[in-house]
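Read through the structure below, which is laid out as structure tokens, and then see the notes.
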Amino acid sequence: MQTSVHLWTANMVTAGFNPGSSDTYNLKVREARSILFSSILVKNLVRVNLYSLYSVIPSDTLSQLCSRISSFFCLFLSIKKFGRNSDRLSLDKITIKSLKFQGKHGYYDHERENGNDFEVDITARGNFKPSINNDDLELTFDYERAQEIAADIIHGPSEKLIETLCLNIGNQLFEQFSQIQKLSVSLRKMNPPVKSPAKFAEITMKWKR
């Protein structure tokens with residue numbers, strides 16, 4: 001990588017370039033490093049020896065280079081954000097909230113023996129409009145089936161962690177509903193066993209095709 005940078009910047013080398021005093025030299029290198037690390041492109045530049053880079057590029061040229069990288073990165077983020085927002089607006093969303101269950105899950109033995117109250121929120125995104133033509137539940141997110149899947153898991157074998165329950169619910173939903181492009185599942189354990197009063201403990205996981 002260092003060799004590539006030297007070759008790429010060969011036409012910017014000035015004869016007899018002197019970086020100045022060690023204090024100024026170190027300050028300039030720190031400035032260059034801070035700018036470079038502000039860009040995701042640093043993943044490809046992190047192996048570059050910045051002292052060698054500074055020794056072959058005049059300070060003003062290096063500043064211009066870093067400025068161009070930062071400008072490009074800002075443009076890249078804007079385009080990426082626009083793409084995400086456009087995708088989000090084009091997808092339909094169905095949400096079912098606060099599905100209530102009782103299940104014998106928890107880290108402590110008494111939780112798995114006596115059981116706990118749980119709530120589940122499910123949000124599915126996809127192109128559900130084709131279901132309207134023939135009132136076809138197979139072409140949309142059937143939240144009644146989703147409730148049955150969540151119930152089977154929470155009424156099933158005991159698990160110690162709510163993370164495991166949430167993951168199992170989401171995996172089954174994402175597998176059985178091929179029309180879902182994005183999925184979010186939140187699972188709450190009500191009145192968790194902590195010393196301070198707490199309404200619930202919650203985990204949220206997301207899936208995307």
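Lettering and numbering for the structure tokens are positional, with chains as A, B, ... in the shown order, residues counted from 1 in each chain, and ligands counted from 1 in the shown order.
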Expected answer as a VMD selection string: alpha helix (DSSP H) residues in range 87-193 of chain A:
chain A and resid 87 to 90 109 to 114 131 to 134 143 to 154 162 to 176
Can you write out the residues you just picked, keeping C-alpha atoms, as a PDB file, in the first residue's frame?
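Writing the result to again30.pdb gives the following:
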ATOM      1  CA  ASP A  87     -36.144   2.187   0.075  1.00  0.00           C
ATOM      2  CA  ARG A  88     -38.001   2.765   3.324  1.00  0.00           C
ATOM      3  CA  LEU A  89     -40.667   4.881   1.641  1.00  0.00           C
ATOM      4  CA  SER A  90     -41.275   2.277  -1.067  1.00  0.00           C
ATOM      5  CA  ASP A 109     -34.451 -21.296  38.404  1.00  0.00           C
ATOM      6  CA  HIS A 110     -37.557 -19.759  39.993  1.00  0.00           C
ATOM      7  CA  GLU A 111     -38.304 -17.894  36.730  1.00  0.00           C
ATOM      8  CA  ARG A 112     -38.259 -21.111  34.732  1.00  0.00           C
ATOM      9  CA  GLU A 113     -40.398 -22.835  37.384  1.00  0.00           C
ATOM     10  CA  ASN A 114     -42.994 -20.132  38.059  1.00  0.00           C
ATOM     11  CA  SER A 131     -52.558  -8.965  -1.631  1.00  0.00           C
ATOM     12  CA  ILE A 132     -55.362  -6.436  -2.108  1.00  0.00           C
ATOM     13  CA  ASN A 133     -56.493  -7.749  -5.508  1.00  0.00           C
ATOM     14  CA  ASN A 134     -57.754 -11.125  -4.246  1.00  0.00           C
ATOM     15  CA  TYR A 143     -50.073 -11.374  11.762  1.00  0.00           C
ATOM     16  CA  GLU A 144     -52.358 -14.149  13.028  1.00  0.00           C
ATOM     17  CA  ARG A 145     -49.768 -16.683  11.837  1.00  0.00           C
ATOM     18  CA  ALA A 146     -47.082 -14.484  13.333  1.00  0.00           C
ATOM     19  CA  GLN A 147     -48.847 -14.604  16.691  1.00  0.00           C
ATOM     20  CA  GLU A 148     -49.011 -18.394  16.511  1.00  0.00           C
ATOM     21  CA  ILE A 149     -45.288 -18.625  15.760  1.00  0.00           C
ATOM     22  CA  ALA A 150     -44.425 -16.375  18.708  1.00  0.00           C
ATOM     23  CA  ALA A 151     -46.791 -18.337  20.984  1.00  0.00           C
ATOM     24  CA  ASP A 152     -45.266 -21.688  20.032  1.00  0.00           C
ATOM     25  CA  ILE A 153     -41.799 -20.424  20.931  1.00  0.00           C
ATOM     26  CA  ILE A 154     -42.720 -18.710  24.199  1.00  0.00           C
ATOM     27  CA  ILE A 162     -34.803 -13.191  26.193  1.00  0.00           C
ATOM     28  CA  GLU A 163     -32.248 -12.782  23.390  1.00  0.00           C
ATOM     29  CA  THR A 164     -32.723 -16.455  22.502  1.00  0.00           C
ATOM     30  CA  LEU A 165     -36.510 -16.127  22.404  1.00  0.00           C
ATOM     31  CA  CYS A 166     -36.365 -13.014  20.219  1.00  0.00           C
ATOM     32  CA  LEU A 167     -33.894 -14.612  17.803  1.00  0.00           C
ATOM     33  CA  ASN A 168     -35.970 -17.784  17.456  1.00  0.00           C
ATOM     34  CA  ILE A 169     -39.165 -15.828  16.783  1.00  0.00           C
ATOM     35  CA  GLY A 170     -37.515 -13.597  14.196  1.00  0.00           C
ATOM     36  CA  ASN A 171     -35.762 -16.462  12.414  1.00  0.00           C
ATOM     37  CA  GLN A 172     -38.987 -18.429  12.028  1.00  0.00           C
ATOM     38  CA  LEU A 173     -40.960 -15.400  10.841  1.00  0.00           C
ATOM     39  CA  PHE A 174     -38.301 -14.458   8.309  1.00  0.00           C
ATOM     40  CA  GLU A 175     -38.154 -18.032   7.040  1.00  0.00           C
ATOM     41  CA  GLN A 176     -41.901 -18.551   6.716  1.00  0.00           C
TER      42      GLN A 176
END
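Of the residues listed (A:Ile69, A:Cys74, A:Ala198, A:Val120), A:Val120 shows the shortest atom-to-atom separation from Val185 in chain A; distances use only C-alpha atoms.
Here the question is which of A:Ala201, A:Ala124, A:Leu91, A:Leu77 gets nearest to Ser184 in chain A using only C-alpha atoms, and that residue is A:Ala124.
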Gap from CA of Phe128 in chain A to CA of Thr140 in chain A - Å, one decimal
4.8 Å
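If only C-alpha atoms are the atoms counted, then among A:Leu99, A:Leu187, A:Met205, A:Ile94 the closest residue to Phe141 in chain A is A:Ile94.
Considering only C-alpha atoms, the residue among A:Asp142, A:Lys182, A:Gly115, A:Glu202 positioned nearest to Pro157 in chain A is A:Gly115.
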